$ cat start_32.pdb   # PDB, C-alpha atoms, pLDDT in the B column
ATOM      1  CA  MET A   1       0.000   0.000   0.000  1.00 96.00           C
ATOM      2  CA  ARG A   2       1.012   3.598  -0.582  1.00 98.00           C
ATOM      3  CA  LEU A   3       0.401   5.882   2.372  1.00 98.00           C
ATOM      4  CA  ALA A   4       0.554   9.666   2.494  1.00 98.00           C
ATOM      5  CA  ILE A   5       2.164  10.611   5.814  1.00 98.00           C
ATOM      6  CA  PHE A   6       1.682  14.045   7.397  1.00 98.00           C
ATOM      7  CA  SER A   7       2.729  15.509  10.711  1.00 98.00           C
ATOM      8  CA  ASP A   8       2.746  18.848  12.499  1.00 98.00           C
ATOM      9  CA  ILE A   9       0.233  20.699  10.319  1.00 98.00           C
ATOM     10  CA  HIS A  10      -0.314  23.226  13.112  1.00 98.00           C
ATOM     11  CA  GLY A  11      -3.392  24.949  11.767  1.00 98.00           C
ATOM     12  CA  ASN A  12      -1.847  25.695   8.380  1.00 98.00           C
ATOM     13  CA  LEU A  13      -4.741  25.101   5.993  1.00 98.00           C
ATOM     14  CA  PRO A  14      -3.085  26.441   2.802  1.00 98.00           C
ATOM     15  CA  SER A  15      -0.193  23.960   3.056  1.00 98.00           C
ATOM     16  CA  LEU A  16      -2.589  21.081   3.812  1.00 98.00           C
ATOM     17  CA  GLU A  17      -4.830  21.925   0.872  1.00 98.00           C
ATOM     18  CA  GLU A  18      -1.867  22.246  -1.482  1.00 98.00           C
ATOM     19  CA  ALA A  19      -0.402  18.909  -0.392  1.00 98.00           C
ATOM     20  CA  LEU A  20      -3.727  17.118  -0.822  1.00 98.00           C
ATOM     21  CA  ALA A  21      -4.144  18.680  -4.268  1.00 97.00           C
ATOM     22  CA  ASP A  22      -0.683  17.465  -5.282  1.00 96.00           C
ATOM     23  CA  LEU A  23      -1.511  13.956  -4.068  1.00 97.00           C
ATOM     24  CA  LYS A  24      -4.501  13.730  -6.389  1.00 93.00           C
ATOM     25  CA  LYS A  25      -1.937  13.149  -9.139  1.00 90.00           C
ATOM     26  CA  LYS A  26      -0.524  10.118  -7.306  1.00 93.00           C
ATOM     27  CA  LYS A  27      -1.942   6.756  -6.267  1.00 94.00           C
ATOM     28  CA  ILE A  28      -2.577   6.917  -2.516  1.00 97.00           C
ATOM     29  CA  ASP A  29      -4.375   4.186  -0.570  1.00 98.00           C
ATOM     30  CA  ALA A  30      -4.631   5.896   2.821  1.00 98.00           C
ATOM     31  CA  TYR A  31      -3.689   9.044   4.717  1.00 98.00           C
ATOM     32  CA  PHE A  32      -1.897   9.027   8.072  1.00 98.00           C
ATOM     33  CA  PHE A  33      -1.726  12.103  10.296  1.00 98.00           C
ATOM     34  CA  LEU A  34       0.840  11.894  13.079  1.00 98.00           C
ATOM     35  CA  GLY A  35      -0.483  14.597  15.388  1.00 98.00           C
ATOM     36  CA  ASP A  36      -0.182  18.316  16.059  1.00 98.00           C
ATOM     37  CA  VAL A  37      -2.884  19.217  13.573  1.00 98.00           C
ATOM     38  CA  VAL A  38      -3.780  22.134  15.836  1.00 98.00           C
ATOM     39  CA  ASN A  39      -2.251  25.281  17.354  1.00 98.00           C
ATOM     40  CA  TYR A  40       0.043  28.020  15.991  1.00 98.00           C
ATOM     41  CA  GLY A  41      -1.734  28.571  12.660  1.00 98.00           C
ATOM     42  CA  PRO A  42      -5.184  30.208  12.361  1.00 98.00           C
ATOM     43  CA  TRP A  43      -7.123  27.259  10.894  1.00 98.00           C
ATOM     44  CA  SER A  44      -7.043  24.525  13.532  1.00 98.00           C
ATOM     45  CA  ASN A  45     -10.791  23.884  13.227  1.00 98.00           C
ATOM     46  CA  GLU A  46     -10.677  23.716   9.445  1.00 98.00           C
ATOM     47  CA  CYS A  47      -7.646  21.401   9.358  1.00 98.00           C
ATOM     48  CA  VAL A  48      -9.233  18.994  11.842  1.00 98.00           C
ATOM     49  CA  GLU A  49     -12.477  18.947   9.877  1.00 98.00           C
ATOM     50  CA  LEU A  50     -10.746  18.490   6.522  1.00 98.00           C
ATOM     51  CA  ILE A  51      -8.746  15.448   7.560  1.00 98.00           C
ATOM     52  CA  GLU A  52     -11.771  14.002   9.349  1.00 98.00           C
ATOM     53  CA  ASN A  53     -13.653  13.994   6.062  1.00 96.00           C
ATOM     54  CA  LEU A  54     -10.849  12.354   4.085  1.00 97.00           C
ATOM     55  CA  GLU A  55     -11.588   8.787   3.059  1.00 95.00           C
ATOM     56  CA  ASN A  56      -9.201   6.223   4.604  1.00 96.00           C
ATOM     57  CA  SER A  57      -7.595   8.652   7.025  1.00 98.00           C
ATOM     58  CA  PHE A  58      -5.965   7.658  10.310  1.00 98.00           C
ATOM     59  CA  LYS A  59      -5.193  10.121  13.068  1.00 98.00           C
ATOM     60  CA  VAL A  60      -2.603  10.018  15.860  1.00 98.00           C
ATOM     61  CA  MET A  61      -2.740  12.375  18.835  1.00 98.00           C
ATOM     62  CA  GLY A  62       0.101  14.836  19.252  1.00 98.00           C
ATOM     63  CA  ASN A  63       1.126  16.844  22.281  1.00 98.00           C
ATOM     64  CA  HIS A  64      -0.795  19.883  21.035  1.00 98.00           C
ATOM     65  CA  GLU A  65      -4.047  17.911  20.808  1.00 98.00           C
ATOM     66  CA  GLU A  66      -3.352  16.839  24.394  1.00 98.00           C
ATOM     67  CA  TYR A  67      -2.862  20.497  25.391  1.00 98.00           C
ATOM     68  CA  TYR A  68      -6.165  21.418  23.780  1.00 98.00           C
ATOM     69  CA  LEU A  69      -8.094  18.602  25.428  1.00 98.00           C
ATOM     70  CA  LYS A  70      -6.674  19.523  28.851  1.00 97.00           C
ATOM     71  CA  LYS A  71      -7.114  23.206  27.994  1.00 96.00           C
ATOM     72  CA  ARG A  72      -3.703  23.690  29.475  1.00 96.00           C
ATOM     73  CA  CYS A  73      -0.289  23.936  27.822  1.00 96.00           C
ATOM     74  CA  ASP A  74       2.330  22.202  29.959  1.00 91.00           C
ATOM     75  CA  THR A  75       5.407  23.388  28.117  1.00 92.00           C
ATOM     76  CA  LYS A  76       7.655  26.033  29.657  1.00 91.00           C
ATOM     77  CA  ASN A  77       8.353  27.571  26.240  1.00 94.00           C
ATOM     78  CA  HIS A  78       7.088  31.152  26.434  1.00 95.00           C
ATOM     79  CA  LEU A  79       6.245  31.460  22.739  1.00 96.00           C
ATOM     80  CA  THR A  80       4.383  28.157  22.617  1.00 97.00           C
ATOM     81  CA  GLN A  81       2.337  29.321  25.600  1.00 97.00           C
ATOM     82  CA  LYS A  82       1.541  32.570  23.815  1.00 97.00           C
ATOM     83  CA  PHE A  83       0.332  30.771  20.680  1.00 98.00           C
ATOM     84  CA  PHE A  84      -1.711  28.332  22.761  1.00 98.00           C
ATOM     85  CA  ASN A  85      -3.404  31.033  24.838  1.00 97.00           C
ATOM     86  CA  PHE A  86      -4.388  32.875  21.673  1.00 98.00           C
ATOM     87  CA  CYS A  87      -5.403  29.957  19.436  1.00 98.00           C
ATOM     88  CA  ILE A  88      -7.443  27.815  21.803  1.00 97.00           C
ATOM     89  CA  ASN A  89     -10.046  30.560  22.246  1.00 96.00           C
ATOM     90  CA  ASP A  90     -11.538  29.865  18.816  1.00 96.00           C
ATOM     91  CA  PHE A  91     -11.188  26.080  18.793  1.00 98.00           C
ATOM     92  CA  GLN A  92     -14.379  24.023  18.632  1.00 98.00           C
ATOM     93  CA  LYS A  93     -13.548  20.527  17.337  1.00 98.00           C
ATOM     94  CA  PHE A  94     -12.771  18.892  20.664  1.00 98.00           C
ATOM     95  CA  ASP A  95     -15.124  15.991  19.886  1.00 98.00           C
ATOM     96  CA  LEU A  96     -13.012  15.089  16.851  1.00 98.00           C
ATOM     97  CA  ILE A  97      -9.498  15.340  18.288  1.00 98.00           C
ATOM     98  CA  LYS A  98     -10.408  13.330  21.385  1.00 98.00           C
ATOM     99  CA  LYS A  99     -10.859  10.323  19.058  1.00 98.00           C
ATOM    100  CA  TYR A 100      -7.238  10.459  17.898  1.00 98.00           C
ATOM    101  CA  LYS A 101      -5.140   7.430  18.900  1.00 98.00           C
ATOM    102  CA  LYS A 102      -1.917   7.468  20.911  1.00 98.00           C
ATOM    103  CA  GLU A 103      -0.427   5.049  18.395  1.00 98.00           C
ATOM    104  CA  ILE A 104      -1.590   3.001  15.435  1.00 98.00           C
ATOM    105  CA  PHE A 105      -0.181  -0.281  14.136  1.00 98.00           C
ATOM    106  CA  PHE A 106      -0.765  -0.784  10.426  1.00 97.00           C
ATOM    107  CA  GLU A 107       0.897  -3.270   8.071  1.00 96.00           C
ATOM    108  CA  LYS A 108       3.375  -4.134  10.882  1.00 96.00           C
ATOM    109  CA  ILE A 109       4.413  -0.487  11.160  1.00 98.00           C
ATOM    110  CA  LYS A 110       3.993   1.658  14.265  1.00 98.00           C
ATOM    111  CA  PHE A 111       2.684   5.192  13.748  1.00 98.00           C
ATOM    112  CA  THR A 112       2.993   7.582  16.687  1.00 98.00           C
ATOM    113  CA  HIS A 113       3.689  11.245  17.327  1.00 98.00           C
ATOM    114  CA  SER A 114       6.883  10.801  19.298  1.00 98.00           C
ATOM    115  CA  LEU A 115       8.949   8.321  21.296  1.00 97.00           C
ATOM    116  CA  ASP A 116       8.783   8.944  25.048  1.00 93.00           C
ATOM    117  CA  ASN A 117       7.688  12.531  24.290  1.00 92.00           C
ATOM    118  CA  LYS A 118      11.188  13.297  23.013  1.00 95.00           C
ATOM    119  CA  TYR A 119      12.340  15.201  19.946  1.00 97.00           C
ATOM    120  CA  ILE A 120      13.967  12.603  17.696  1.00 97.00           C
ATOM    121  CA  TYR A 121      16.394  13.754  15.002  1.00 97.00           C
ATOM    122  CA  GLU A 122      18.460  11.784  12.519  1.00 96.00           C
ATOM    123  CA  ASP A 123      21.449  11.702  14.860  1.00 96.00           C
ATOM    124  CA  THR A 124      19.436  10.930  18.027  1.00 97.00           C
ATOM    125  CA  VAL A 125      20.284   7.614  19.684  1.00 95.00           C
ATOM    126  CA  VAL A 126      17.064   5.590  20.001  1.00 94.00           C
ATOM    127  CA  LYS A 127      15.962   2.009  20.490  1.00 93.00           C
ATOM    128  CA  ILE A 128      13.058   0.615  18.475  1.00 96.00           C
ATOM    129  CA  ASN A 129      11.632  -2.881  18.130  1.00 95.00           C
ATOM    130  CA  GLU A 130       9.545  -2.353  15.015  1.00 97.00           C
ATOM    131  CA  ASN A 131       9.461  -0.141  11.952  1.00 98.00           C
ATOM    132  CA  THR A 132       8.299   3.211  13.292  1.00 98.00           C
ATOM    133  CA  VAL A 133       6.961   6.447  11.795  1.00 98.00           C
ATOM    134  CA  ILE A 134       7.020   9.552  14.000  1.00 98.00           C
ATOM    135  CA  GLY A 135       6.580  13.314  13.888  1.00 98.00           C
ATOM    136  CA  HIS A 136       7.155  15.971  16.576  1.00 98.00           C
ATOM    137  CA  SER A 137      10.704  17.102  15.714  1.00 98.00           C
ATOM    138  CA  HIS A 138       9.684  18.777  12.418  1.00 98.00           C
ATOM    139  CA  ASN A 139      12.698  17.097  10.782  1.00 97.00           C
ATOM    140  CA  GLN A 140      12.447  14.899   7.703  1.00 98.00           C
ATOM    141  CA  PHE A 141      14.583  11.756   7.756  1.00 98.00           C
ATOM    142  CA  LYS A 142      14.804   7.979   7.450  1.00 98.00           C
ATOM    143  CA  LYS A 143      17.405   5.906   9.251  1.00 97.00           C
ATOM    144  CA  LYS A 144      17.974   2.290  10.234  1.00 96.00           C
ATOM    145  CA  VAL A 145      18.101   1.281  13.909  1.00 95.00           C
ATOM    146  CA  ASN A 146      18.547  -2.346  15.028  1.00 90.00           C
ATOM    147  CA  ASN A 147      17.479  -3.620  11.611  1.00 94.00           C
ATOM    148  CA  PHE A 148      14.307  -1.525  11.746  1.00 97.00           C
ATOM    149  CA  TRP A 149      13.499   1.768  10.052  1.00 98.00           C
ATOM    150  CA  ILE A 150      12.500   4.988  11.769  1.00 98.00           C
ATOM    151  CA  ILE A 151      10.916   7.605   9.512  1.00 98.00           C
ATOM    152  CA  ASN A 152       9.854  11.213  10.028  1.00 98.00           C
ATOM    153  CA  PRO A 153       7.928  12.964   7.214  1.00 98.00           C
ATOM    154  CA  GLY A 154       8.841  16.447   8.451  1.00 98.00           C
ATOM    155  CA  SER A 155       6.399  19.232   9.215  1.00 98.00           C
ATOM    156  CA  LEU A 156       3.660  20.077   6.760  1.00 98.00           C
ATOM    157  CA  GLY A 157       2.662  23.373   8.308  1.00 98.00           C
ATOM    158  CA  GLN A 158       5.447  24.752  10.486  1.00 97.00           C
ATOM    159  CA  ASN A 159       8.888  24.013   9.133  1.00 97.00           C
ATOM    160  CA  ARG A 160      11.269  25.280  11.798  1.00 95.00           C
ATOM    161  CA  LYS A 161      13.960  26.360   9.298  1.00 95.00           C
ATOM    162  CA  GLU A 162      11.836  27.622   6.391  1.00 97.00           C
ATOM    163  CA  ILE A 163       8.263  28.476   7.354  1.00 97.00           C
ATOM    164  CA  ASN A 164       7.350  28.653   3.655  1.00 97.00           C
ATOM    165  CA  ARG A 165       8.443  25.046   3.018  1.00 98.00           C
ATOM    166  CA  MET A 166       6.010  22.155   3.366  1.00 98.00           C
ATOM    167  CA  GLU A 167       7.218  18.597   3.950  1.00 98.00           C
ATOM    168  CA  TYR A 168       5.490  15.222   4.007  1.00 98.00           C
ATOM    169  CA  ALA A 169       6.150  11.701   2.743  1.00 98.00           C
ATOM    170  CA  ILE A 170       4.727   8.819   0.734  1.00 98.00           C
ATOM    171  CA  LEU A 171       5.462   5.398   2.216  1.00 98.00           C
ATOM    172  CA  ASN A 172       5.296   2.038   0.433  1.00 98.00           C
ATOM    173  CA  THR A 173       4.357  -0.362   3.236  1.00 97.00           C
ATOM    174  CA  LYS A 174       5.647  -3.425   1.383  1.00 96.00           C
ATOM    175  CA  SER A 175       9.137  -2.220   0.458  1.00 96.00           C
ATOM    176  CA  LEU A 176       9.371   0.554   3.101  1.00 96.00           C
ATOM    177  CA  ASP A 177      10.626   2.861   0.370  1.00 98.00           C
ATOM    178  CA  VAL A 178       9.898   6.494   1.202  1.00 98.00           C
ATOM    179  CA  GLU A 179       9.352   9.363  -1.209  1.00 98.00           C
ATOM    180  CA  PHE A 180      10.074  12.548   0.716  1.00 98.00           C
ATOM    181  CA  MET A 181       8.109  15.532  -0.550  1.00 98.00           C
ATOM    182  CA  SER A 182       9.469  19.017   0.045  1.00 98.00           C
ATOM    183  CA  LYS A 183       8.442  22.239  -1.685  1.00 97.00           C
ATOM    184  CA  THR A 184       8.053  25.928  -1.004  1.00 97.00           C
ATOM    185  CA  TYR A 185       4.598  27.468  -1.071  1.00 96.00           C
ATOM    186  CA  ASN A 186       3.145  30.968  -0.908  1.00 95.00           C
ATOM    187  CA  VAL A 187       3.013  31.719   2.806  1.00 97.00           C
ATOM    188  CA  ASN A 188       1.288  35.098   2.393  1.00 97.00           C
ATOM    189  CA  LYS A 189      -2.211  33.693   2.879  1.00 97.00           C
ATOM    190  CA  LEU A 190      -1.133  32.326   6.251  1.00 98.00           C
ATOM    191  CA  LEU A 191       0.526  35.561   7.334  1.00 98.00           C
ATOM    192  CA  ASN A 192      -2.372  37.716   6.145  1.00 98.00           C
ATOM    193  CA  LYS A 193      -4.814  35.600   8.145  1.00 98.00           C
ATOM    194  CA  MET A 194      -2.647  35.881  11.245  1.00 98.00           C
ATOM    195  CA  HIS A 195      -2.589  39.652  10.845  1.00 98.00           C
ATOM    196  CA  SER A 196      -6.351  39.917  10.326  1.00 98.00           C
ATOM    197  CA  ALA A 197      -6.979  37.661  13.324  1.00 98.00           C
ATOM    198  CA  CYS A 198      -4.846  40.031  15.431  1.00 98.00           C
ATOM    199  CA  TYR A 199      -2.239  37.499  16.502  1.00 98.00           C
ATOM    200  CA  PRO A 200       0.270  38.818  19.051  1.00 98.00           C
ATOM    201  CA  LYS A 201       3.170  40.573  17.345  1.00 97.00           C
ATOM    202  CA  GLU A 202       5.660  38.153  18.894  1.00 97.00           C
ATOM    203  CA  CYS A 203       3.887  35.236  17.221  1.00 98.00           C
ATOM    204  CA  ILE A 204       3.799  36.869  13.800  1.00 98.00           C
ATOM    205  CA  ASP A 205       7.452  37.887  14.096  1.00 98.00           C
ATOM    206  CA  TYR A 206       8.376  34.244  14.746  1.00 97.00           C
ATOM    207  CA  TYR A 207       6.931  33.277  11.361  1.00 97.00           C
ATOM    208  CA  LEU A 208       8.395  36.295   9.547  1.00 97.00           C
ATOM    209  CA  LYS A 209      11.918  35.464  10.740  1.00 96.00           C
ATOM    210  CA  LYS A 210      11.695  31.997   9.186  1.00 96.00           C
ATOM    211  CA  ILE A 211      10.777  32.958   5.632  1.00 96.00           C
ATOM    212  CA  LYS A 212      13.562  31.972   3.223  1.00 91.00           C
TER     213      LYS A 212
END

$ encode --input "start_32.pdb" --output "structure tokens"
Amino acid sequence: MRLAIFSDIHGNLPSLEEALADLKKKKIDAYFFLGDVVNYGPWSNECVELIENLENSFKVMGNHEEYYLKKRCDTKNHLTQKFFNFCINDFQKFDLIKKYKKEIFFEKIKFTHSLDNKYIYEDTVVKINENTVIGHSHNQFKKKVNNFWIINPGSLGQNRKEINRMEYAILNTKSLDVEFMSKTYNVNKLLNKMHSACYPKECIDYYLKKIK
């Protein structure tokens, strides 16, 4: 099977819509979302609703869905707190995100948001006992660990290095071959919406500093 793998959309509807439009040109059997659909961007409700209505879509819960369900952001990061306090006020789709799974096993592959709530990068030392697909670190990579593969599709909606770059992956579950997708997109729609929604200046500046 060929799976489209997304993670860390973070309320960025334009990047999600563009990725799904691109995938119409490819044969995809199912869609996997690895968490953090919400927060930061101005379209958390719309992103949650869009992926809910996709046929053959599977959803994993990320730490930001957990924050929303608790209505409390546990991180000590000041900027993350500021985004959370602003964005949660307009969120309505709690009934949908509470159905997200902590992990999903599919075709002998484990799909989860993170391992032990840690940020995993290509050079991070980890132990895995099955082929594993994760998100959370916003870094796109594939590496072999103990004869198993660990794969991260990158961030679709909030690339930490280039905010105007969207990343996701297409996974062949039989061969475990991965096609990493990475492209720049017009980020102005996102920024304009943040301005019109009166986001805190500190939040908007964070995005502006990461445009390449």

$ atom_distance --input "start_32.pdb" --atom1 "CA of Ile128 in chain A" --atom2 "CA of Leu115 in chain A"
9.2 Å

$ closest_residue --input "start_32.pdb" --among "A:Ser155, A:Asn188, A:Asn56, A:Asn89" --to "Arg72 in chain A" --atoms "all atoms listed in the file"
A:Asn89

$ resolve_selection --input "start_32.pdb" --expression "the PyMOL selection byres ((chain A and resi 176) around 10)" --output "list of chain:residue names"
A:Met1, A:Arg2, A:Ile109, A:Asn131, A:Trp149, A:Ile151, A:Ile170, A:Leu171, A:Asn172, A:Thr173, A:Lys174, A:Ser175, A:Asp177, A:Val178, A:Glu179

$ residues_around --input "start_32.pdb" --residues "Thr124 in chain A" --least-positions-apart "2" --cutoff "12 Å" --atoms "all atoms listed in the file" --output "list of chain:residue names"
A:Leu115, A:Lys118, A:Tyr119, A:Ile120, A:Tyr121, A:Glu122, A:Val126, A:Lys127, A:Ser137, A:Asn139, A:Phe141, A:Lys142, A:Lys143, A:Lys144, A:Val145, A:Ile150

$ residues_around --input "start_32.pdb" --residues "Met181 in chain A" --least-positions-apart "4" --cutoff "6 Å" --atoms "only C-alpha atoms" --output "list in words"
Glu167, Tyr168 and Ala169 of chain A

$ resolve_selection --input "start_32.pdb" --expression "the PyMOL selection byres ((chain A and resi 76-83) around 8)" --output "list of chain:residue names"
A:Asn39, A:Tyr40, A:Cys73, A:Asp74, A:Thr75, A:Phe84, A:Asn85, A:Phe86, A:Cys87, A:Pro200, A:Glu202, A:Cys203

$ closest_residue --input "start_32.pdb" --among "A:His136, A:Lys212, A:Lys27, A:Lys70" --to "His113 in chain A" --atoms "only C-alpha atoms"
A:His136

$ atom_distance --input "start_32.pdb" --atom1 "CA of Glu162 in chain A" --atom2 "CA of Ile211 in chain A"
5.5 Å
